[in-house]
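Raw contents of protein39.pdb, PDB, C-alpha atoms, pLDDT in the B column:
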ATOM      1  CA  MET A   1       0.668   6.683 -36.685  1.00 41.00           C
ATOM      2  CA  ALA A   2      -2.967   7.595 -36.197  1.00 41.00           C
ATOM      3  CA  ILE A   3      -3.775   4.186 -34.724  1.00 38.00           C
ATOM      4  CA  ILE A   4      -0.897   4.351 -32.256  1.00 40.00           C
ATOM      5  CA  PHE A   5      -1.967   7.819 -31.117  1.00 36.00           C
ATOM      6  CA  TYR A   6      -5.563   6.679 -30.697  1.00 36.00           C
ATOM      7  CA  ARG A   7      -4.549   3.746 -28.510  1.00 37.00           C
ATOM      8  CA  HIS A   8      -2.362   5.975 -26.362  1.00 38.00           C
ATOM      9  CA  TYR A   9      -5.234   8.418 -25.935  1.00 35.00           C
ATOM     10  CA  CYS A  10      -7.629   5.681 -24.816  1.00 38.00           C
ATOM     11  CA  PHE A  11      -5.153   4.361 -22.263  1.00 36.00           C
ATOM     12  CA  HIS A  12      -4.630   7.853 -20.853  1.00 38.00           C
ATOM     13  CA  SER A  13      -8.390   8.365 -20.506  1.00 36.00           C
ATOM     14  CA  ILE A  14      -8.854   5.111 -18.609  1.00 39.00           C
ATOM     15  CA  THR A  15      -6.039   6.024 -16.236  1.00 40.00           C
ATOM     16  CA  CYS A  16      -7.657   9.353 -15.449  1.00 43.00           C
ATOM     17  CA  THR A  17     -11.169   8.015 -14.907  1.00 44.00           C
ATOM     18  CA  THR A  18     -10.034   5.199 -12.601  1.00 47.00           C
ATOM     19  CA  HIS A  19      -7.901   7.443 -10.360  1.00 56.00           C
ATOM     20  CA  ILE A  20      -8.867   7.014  -6.696  1.00 71.00           C
ATOM     21  CA  ARG A  21      -8.802  10.096  -4.480  1.00 80.00           C
ATOM     22  CA  MET A  22      -6.653   9.887  -1.374  1.00 91.00           C
ATOM     23  CA  ILE A  23      -8.561  10.056   1.917  1.00 95.00           C
ATOM     24  CA  THR A  24      -6.930  12.614   4.188  1.00 96.00           C
ATOM     25  CA  ILE A  25      -6.445  11.897   7.886  1.00 98.00           C
ATOM     26  CA  GLY A  26      -5.725  14.050  10.923  1.00 97.00           C
ATOM     27  CA  ILE A  27      -4.329  12.732  14.229  1.00 97.00           C
ATOM     28  CA  THR A  28      -4.752  14.595  17.516  1.00 97.00           C
ATOM     29  CA  ASP A  29      -3.070  13.037  20.556  1.00 96.00           C
ATOM     30  CA  ASP A  30      -0.744  14.368  23.248  1.00 94.00           C
ATOM     31  CA  HIS A  31       1.601  11.371  23.058  1.00 94.00           C
ATOM     32  CA  GLN A  32       4.092  12.077  20.258  1.00 92.00           C
ATOM     33  CA  LEU A  33       5.392   8.507  20.010  1.00 92.00           C
ATOM     34  CA  PHE A  34       1.844   7.216  19.504  1.00 93.00           C
ATOM     35  CA  VAL A  35       1.107   9.885  16.882  1.00 94.00           C
ATOM     36  CA  LYS A  36       4.252   9.090  14.888  1.00 94.00           C
ATOM     37  CA  SER A  37       3.716   5.323  15.127  1.00 94.00           C
ATOM     38  CA  LEU A  38       0.080   5.633  14.080  1.00 95.00           C
ATOM     39  CA  GLY A  39       1.059   7.885  11.193  1.00 94.00           C
ATOM     40  CA  LEU A  40       3.573   5.328   9.916  1.00 94.00           C
ATOM     41  CA  MET A  41       0.968   2.575  10.136  1.00 95.00           C
ATOM     42  CA  LEU A  42      -1.675   4.628   8.309  1.00 95.00           C
ATOM     43  CA  ALA A  43       0.857   5.244   5.535  1.00 93.00           C
ATOM     44  CA  THR A  44       0.759   1.498   4.803  1.00 94.00           C
ATOM     45  CA  PHE A  45      -3.025   1.573   4.236  1.00 94.00           C
ATOM     46  CA  ASP A  46      -4.249   2.015   0.659  1.00 91.00           C
ATOM     47  CA  ASN A  47      -5.505   5.502  -0.267  1.00 92.00           C
ATOM     48  CA  TYR A  48      -4.906   7.162   3.117  1.00 96.00           C
ATOM     49  CA  LYS A  49      -2.661  10.137   3.793  1.00 95.00           C
ATOM     50  CA  VAL A  50      -1.980  11.880   7.121  1.00 96.00           C
ATOM     51  CA  VAL A  51      -2.066  15.634   6.495  1.00 96.00           C
ATOM     52  CA  VAL A  52      -2.000  17.060  10.023  1.00 96.00           C
ATOM     53  CA  GLU A  53      -0.730  15.930  13.438  1.00 97.00           C
ATOM     54  CA  ALA A  54      -1.517  17.835  16.631  1.00 96.00           C
ATOM     55  CA  MET A  55      -0.900  17.545  20.379  1.00 96.00           C
ATOM     56  CA  ASN A  56      -4.348  18.775  21.488  1.00 96.00           C
ATOM     57  CA  GLY A  57      -7.439  20.552  20.209  1.00 95.00           C
ATOM     58  CA  ARG A  58      -5.933  24.010  20.422  1.00 96.00           C
ATOM     59  CA  ASP A  59      -2.827  22.899  18.530  1.00 96.00           C
ATOM     60  CA  LEU A  60      -5.024  21.227  15.910  1.00 97.00           C
ATOM     61  CA  ILE A  61      -7.102  24.341  15.267  1.00 96.00           C
ATOM     62  CA  GLU A  62      -3.971  26.464  14.840  1.00 96.00           C
ATOM     63  CA  LYS A  63      -2.430  23.991  12.382  1.00 96.00           C
ATOM     64  CA  MET A  64      -5.634  23.569  10.368  1.00 95.00           C
ATOM     65  CA  GLU A  65      -6.016  27.327  10.059  1.00 94.00           C
ATOM     66  CA  ALA A  66      -2.347  27.778   9.131  1.00 93.00           C
ATOM     67  CA  LYS A  67      -2.425  25.033   6.486  1.00 89.00           C
ATOM     68  CA  LYS A  68      -5.979  25.889   5.397  1.00 91.00           C
ATOM     69  CA  LEU A  69      -6.948  22.236   5.243  1.00 91.00           C
ATOM     70  CA  VAL A  70      -9.859  20.098   6.411  1.00 95.00           C
ATOM     71  CA  PRO A  71      -9.084  16.347   6.692  1.00 96.00           C
ATOM     72  CA  ASP A  72     -11.743  13.851   5.649  1.00 96.00           C
ATOM     73  CA  ILE A  73     -11.314  11.887   8.899  1.00 97.00           C
ATOM     74  CA  MET A  74     -10.005  13.105  12.260  1.00 98.00           C
ATOM     75  CA  LEU A  75      -8.694  10.651  14.869  1.00 98.00           C
ATOM     76  CA  LEU A  76      -9.096  12.174  18.328  1.00 97.00           C
ATOM     77  CA  ASP A  77      -7.656  11.182  21.678  1.00 95.00           C
ATOM     78  CA  VAL A  78     -10.098  11.786  24.538  1.00 94.00           C
ATOM     79  CA  ASN A  79      -7.798  12.953  27.341  1.00 93.00           C
ATOM     80  CA  MET A  80      -5.588  15.842  26.239  1.00 94.00           C
ATOM     81  CA  PRO A  81      -4.380  19.037  27.955  1.00 92.00           C
ATOM     82  CA  HIS A  82      -5.584  22.547  27.044  1.00 92.00           C
ATOM     83  CA  MET A  83      -8.458  21.300  24.843  1.00 94.00           C
ATOM     84  CA  ASN A  84      -9.594  17.697  25.279  1.00 95.00           C
ATOM     85  CA  GLY A  85     -11.199  15.322  22.805  1.00 94.00           C
ATOM     86  CA  PHE A  86     -14.778  16.145  23.802  1.00 94.00           C
ATOM     87  CA  GLU A  87     -14.261  19.898  23.387  1.00 96.00           C
ATOM     88  CA  THR A  88     -12.358  19.376  20.147  1.00 97.00           C
ATOM     89  CA  ALA A  89     -15.024  17.066  18.705  1.00 96.00           C
ATOM     90  CA  LYS A  90     -17.791  19.568  19.481  1.00 95.00           C
ATOM     91  CA  TRP A  91     -15.840  22.399  17.849  1.00 96.00           C
ATOM     92  CA  LEU A  92     -14.979  20.366  14.751  1.00 97.00           C
ATOM     93  CA  HIS A  93     -18.509  18.992  14.353  1.00 95.00           C
ATOM     94  CA  LYS A  94     -19.978  22.485  14.494  1.00 94.00           C
ATOM     95  CA  LYS A  95     -17.340  24.050  12.217  1.00 95.00           C
ATOM     96  CA  PHE A  96     -16.936  21.158   9.753  1.00 95.00           C
ATOM     97  CA  PRO A  97     -20.083  18.965   9.897  1.00 93.00           C
ATOM     98  CA  ASP A  98     -18.908  16.805   6.987  1.00 93.00           C
ATOM     99  CA  MET A  99     -15.662  15.821   8.704  1.00 95.00           C
ATOM    100  CA  LYS A 100     -15.830  12.296  10.121  1.00 96.00           C
ATOM    101  CA  LEU A 101     -14.675  12.258  13.738  1.00 96.00           C
ATOM    102  CA  VAL A 102     -13.291   9.098  15.342  1.00 94.00           C
ATOM    103  CA  ALA A 103     -12.521   8.893  19.062  1.00 93.00           C
ATOM    104  CA  LEU A 104      -9.396   6.836  19.732  1.00 91.00           C
ATOM    105  CA  SER A 105      -8.769   6.050  23.399  1.00 89.00           C
ATOM    106  CA  MET A 106      -7.745   3.464  25.991  1.00 88.00           C
ATOM    107  CA  ASN A 107     -10.835   4.324  28.035  1.00 84.00           C
ATOM    108  CA  ASP A 108     -13.989   2.316  27.282  1.00 77.00           C
ATOM    109  CA  GLY A 109     -16.166   3.884  29.982  1.00 78.00           C
ATOM    110  CA  ASP A 110     -19.851   4.072  29.097  1.00 75.00           C
ATOM    111  CA  HIS A 111     -20.356   7.783  29.742  1.00 79.00           C
ATOM    112  CA  ILE A 112     -17.191   8.781  27.883  1.00 85.00           C
ATOM    113  CA  ILE A 113     -18.378   6.865  24.826  1.00 83.00           C
ATOM    114  CA  ILE A 114     -21.801   8.511  25.051  1.00 80.00           C
ATOM    115  CA  ASP A 115     -20.265  11.973  25.451  1.00 85.00           C
ATOM    116  CA  MET A 116     -17.985  11.541  22.438  1.00 87.00           C
ATOM    117  CA  ILE A 117     -20.820  10.274  20.242  1.00 84.00           C
ATOM    118  CA  LYS A 118     -23.016  13.176  21.320  1.00 84.00           C
ATOM    119  CA  ALA A 119     -20.120  15.530  20.560  1.00 90.00           C
ATOM    120  CA  GLY A 120     -20.198  14.351  16.948  1.00 90.00           C
ATOM    121  CA  CYS A 121     -17.986  11.250  16.707  1.00 90.00           C
ATOM    122  CA  CYS A 122     -19.166   8.554  14.312  1.00 86.00           C
ATOM    123  CA  ALA A 123     -17.026   5.844  15.913  1.00 87.00           C
ATOM    124  CA  TYR A 124     -15.190   5.082  19.158  1.00 88.00           C
ATOM    125  CA  LEU A 125     -12.156   2.826  18.825  1.00 89.00           C
ATOM    126  CA  LEU A 126      -9.731   1.559  21.438  1.00 89.00           C
ATOM    127  CA  LYS A 127      -6.020   2.205  20.985  1.00 90.00           C
ATOM    128  CA  ASP A 128      -5.244  -1.506  21.177  1.00 88.00           C
ATOM    129  CA  THR A 129      -7.386  -2.150  18.086  1.00 87.00           C
ATOM    130  CA  HIS A 130      -5.618  -4.473  15.635  1.00 89.00           C
ATOM    131  CA  PRO A 131      -4.259  -2.671  12.530  1.00 92.00           C
ATOM    132  CA  ASN A 132      -6.472  -4.789  10.259  1.00 92.00           C
ATOM    133  CA  GLU A 133      -9.522  -3.791  12.285  1.00 90.00           C
ATOM    134  CA  LEU A 134      -8.496  -0.131  12.172  1.00 92.00           C
ATOM    135  CA  GLU A 135      -8.150  -0.242   8.392  1.00 94.00           C
ATOM    136  CA  LYS A 136     -11.544  -1.926   8.105  1.00 92.00           C
ATOM    137  CA  ALA A 137     -13.076   0.715  10.372  1.00 91.00           C
ATOM    138  CA  LEU A 138     -11.572   3.593   8.380  1.00 94.00           C
ATOM    139  CA  ASN A 139     -12.792   2.077   5.110  1.00 93.00           C
ATOM    140  CA  GLU A 140     -16.347   1.793   6.439  1.00 90.00           C
ATOM    141  CA  ILE A 141     -16.246   5.281   7.939  1.00 92.00           C
ATOM    142  CA  ALA A 142     -14.985   6.756   4.659  1.00 92.00           C
ATOM    143  CA  ASP A 143     -17.613   4.837   2.689  1.00 89.00           C
ATOM    144  CA  LYS A 144     -20.664   4.899   4.976  1.00 86.00           C
ATOM    145  CA  GLY A 145     -19.924   7.608   7.533  1.00 85.00           C
ATOM    146  CA  PHE A 146     -20.029   5.237  10.513  1.00 80.00           C
ATOM    147  CA  TYR A 147     -18.584   1.974  11.821  1.00 80.00           C
ATOM    148  CA  ASN A 148     -20.919  -0.664  13.211  1.00 68.00           C
ATOM    149  CA  GLY A 149     -18.183  -2.816  14.704  1.00 67.00           C
ATOM    150  CA  ASP A 150     -16.888  -0.183  17.098  1.00 52.00           C
ATOM    151  CA  VAL A 151     -16.796  -0.359  20.876  1.00 54.00           C
ATOM    152  CA  SER A 152     -19.805   1.942  21.294  1.00 53.00           C
ATOM    153  CA  ASN A 153     -22.060  -0.776  19.871  1.00 54.00           C
ATOM    154  CA  ILE A 154     -20.438  -3.439  22.054  1.00 56.00           C
ATOM    155  CA  ASN A 155     -20.886  -1.337  25.175  1.00 58.00           C
ATOM    156  CA  PHE A 156     -24.448  -0.460  24.250  1.00 50.00           C
ATOM    157  CA  ARG A 157     -25.385  -4.130  23.991  1.00 52.00           C
ATOM    158  CA  ARG A 158     -23.755  -4.667  27.384  1.00 57.00           C
ATOM    159  CA  LEU A 159     -25.788  -1.811  28.848  1.00 55.00           C
ATOM    160  CA  LEU A 160     -29.010  -3.292  27.523  1.00 51.00           C
ATOM    161  CA  HIS A 161     -28.093  -6.655  29.047  1.00 55.00           C
ATOM    162  CA  ALA A 162     -27.465  -4.960  32.379  1.00 56.00           C
ATOM    163  CA  GLN A 163     -30.809  -3.197  32.125  1.00 51.00           C
ATOM    164  CA  GLU A 164     -32.568  -6.519  31.704  1.00 51.00           C
ATOM    165  CA  LYS A 165     -31.003  -7.587  35.003  1.00 52.00           C
ATOM    166  CA  LYS A 166     -32.293  -4.342  36.550  1.00 48.00           C
ATOM    167  CA  GLU A 167     -28.853  -3.107  37.501  1.00 46.00           C
ATOM    168  CA  GLN A 168     -28.312   0.577  38.259  1.00 48.00           C
ATOM    169  CA  LEU A 169     -27.060   2.136  35.010  1.00 51.00           C
ATOM    170  CA  ASN A 170     -26.906   5.854  35.877  1.00 59.00           C
ATOM    171  CA  MET A 171     -28.301   6.669  32.420  1.00 61.00           C
ATOM    172  CA  THR A 172     -31.565   8.385  31.587  1.00 66.00           C
ATOM    173  CA  GLU A 173     -34.030   6.743  29.205  1.00 66.00           C
ATOM    174  CA  ARG A 174     -33.365   9.517  26.683  1.00 67.00           C
ATOM    175  CA  GLU A 175     -29.613   8.809  26.809  1.00 67.00           C
ATOM    176  CA  LYS A 176     -30.251   5.109  26.217  1.00 66.00           C
ATOM    177  CA  GLN A 177     -32.554   5.904  23.305  1.00 67.00           C
ATOM    178  CA  PHE A 178     -30.038   8.308  21.806  1.00 69.00           C
ATOM    179  CA  LEU A 179     -27.146   5.853  22.104  1.00 67.00           C
ATOM    180  CA  GLN A 180     -29.179   3.119  20.446  1.00 66.00           C
ATOM    181  CA  LEU A 181     -30.051   5.386  17.519  1.00 67.00           C
ATOM    182  CA  ALA A 182     -26.529   6.825  17.302  1.00 65.00           C
ATOM    183  CA  CYS A 183     -25.141   3.302  16.929  1.00 60.00           C
ATOM    184  CA  SER A 184     -27.325   2.788  13.867  1.00 57.00           C
ATOM    185  CA  ASP A 185     -26.787   4.234  10.403  1.00 57.00           C
ATOM    186  CA  MET A 186     -29.328   7.012  10.970  1.00 61.00           C
ATOM    187  CA  THR A 187     -28.410  10.633  10.375  1.00 63.00           C
ATOM    188  CA  TYR A 188     -28.816  13.241  13.112  1.00 60.00           C
ATOM    189  CA  LYS A 189     -31.820  14.579  11.177  1.00 66.00           C
ATOM    190  CA  HIS A 190     -33.595  11.214  11.370  1.00 68.00           C
ATOM    191  CA  ILE A 191     -32.655  10.749  15.024  1.00 69.00           C
ATOM    192  CA  ALA A 192     -34.020  14.197  15.848  1.00 66.00           C
ATOM    193  CA  ALA A 193     -37.310  13.366  14.118  1.00 67.00           C
ATOM    194  CA  LEU A 194     -37.697  10.094  16.028  1.00 68.00           C
ATOM    195  CA  MET A 195     -36.875  11.745  19.353  1.00 63.00           C
ATOM    196  CA  SER A 196     -39.145  14.732  18.587  1.00 60.00           C
ATOM    197  CA  VAL A 197     -36.378  17.280  19.134  1.00 58.00           C
ATOM    198  CA  SER A 198     -34.510  19.714  16.912  1.00 53.00           C
ATOM    199  CA  GLU A 199     -31.454  18.562  14.977  1.00 51.00           C
ATOM    200  CA  ARG A 200     -29.419  21.141  16.917  1.00 52.00           C
ATOM    201  CA  SER A 201     -30.389  19.422  20.196  1.00 50.00           C
ATOM    202  CA  VAL A 202     -29.211  16.051  18.907  1.00 48.00           C
ATOM    203  CA  ASP A 203     -25.804  17.140  17.619  1.00 54.00           C
ATOM    204  CA  GLY A 204     -24.994  18.825  20.924  1.00 50.00           C
TER
END

Can you turn what I pasted into structure tokens?
Amino acid sequence: MAIIFYRHYCFHSITCTTHIRMITIGITDDHQLFVKSLGLMLATFDNYKVVVEAMNGRDLIEKMEAKKLVPDIMLLDVNMPHMNGFETAKWLHKKFPDMKLVALSMNDGDHIIIDMIKAGCCAYLLKDTHPNELEKALNEIADKGFYNGDVSNINFRRLLHAQEKKEQLNMTEREKQFLQLACSDMTYKHIAALMSVSERSVDG
């Protein structure tokens, strides 16, 4: 009897120590069909759980306060009524600096990408991203805090190519420098040191 109990105890211990914590996700988008569809897709990914869905930034804040929860990753639409993605990202980044913010939009405009990164987003993904790519992105964001395959890096390389051709970019040198550093794995603290500014100036 003692041997059987001992084996059972060992098995129970292994089960407990190998338990993987679920990564919590929030979705903020003013299109309900998209939110529900995305939520169903995320439910098929390993170790991810959607804990809050909101129609805009204001709705999100109210629901987070009511539920007293802070998701690990927040997926944010850019264009929303009442409180858009940029305003929401700035508020979340200031209030919950450890939350990983991901912009999710159909718009791949250069300045919108820059604005969302400066607001605190660690990745900018397009809504037509393949599910496999989205899962890969979320895994890297959860593990590393950023995603190097996102559209912000693609657009930045395109901007540099345009600069070489001396096209008019409508970006300051400081904005170009910031975007290049933001697309790396550097923290805001390191970026601030390289740009000789305060960390508060870098995180907007």

As a CSV table (one decimal) with C-alpha atoms, in the coordinates of the input, please: the residues near Glu53 of chain A (cut-off 9 Å, all atoms listed in the file, same-chain neighbours under 5 positions excluded).
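Result file is part-v5.csv:
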chain,number,residue,atom,x,y,z
A,25,ILE,CA,-6.4,11.9,7.9
A,26,GLY,CA,-5.7,14.0,10.9
A,27,ILE,CA,-4.3,12.7,14.2
A,28,THR,CA,-4.8,14.6,17.5
A,29,ASP,CA,-3.1,13.0,20.6
A,35,VAL,CA,1.1,9.9,16.9
A,36,LYS,CA,4.3,9.1,14.9
A,39,GLY,CA,1.1,7.9,11.2
A,59,ASP,CA,-2.8,22.9,18.5
A,60,LEU,CA,-5.0,21.2,15.9
A,63,LYS,CA,-2.4,24.0,12.4

Inset, instruction - Rank A:Met74, A:Met22, A:Ala66, A:Ile61 by their smallest atom-to-atom distance to Met99 of chain A, using all atoms listed in the file, and report the top residue only. - result: A:Met74

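For Gly120 of chain A, the set of protein, DNA and RNA residues having any atom at most 7 Å away, when counting all atoms listed in the file and skipping those fewer than 3 positions along the same chain, is Ala89, Lys90, His93, Leu101, Met116, Ile117 and Asp203 of chain A.
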
Inset, instruction - In Å, rounded to a single decimal, give me how far atom CA of Thr24 of chain A is from atom CA of Leu92 of chain A. - result: 15.4 Å

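Computed from the coordinates, the atom CA of Tyr147 of chain A to atom CA of Ile23 of chain A distance equals 16.2 Å.
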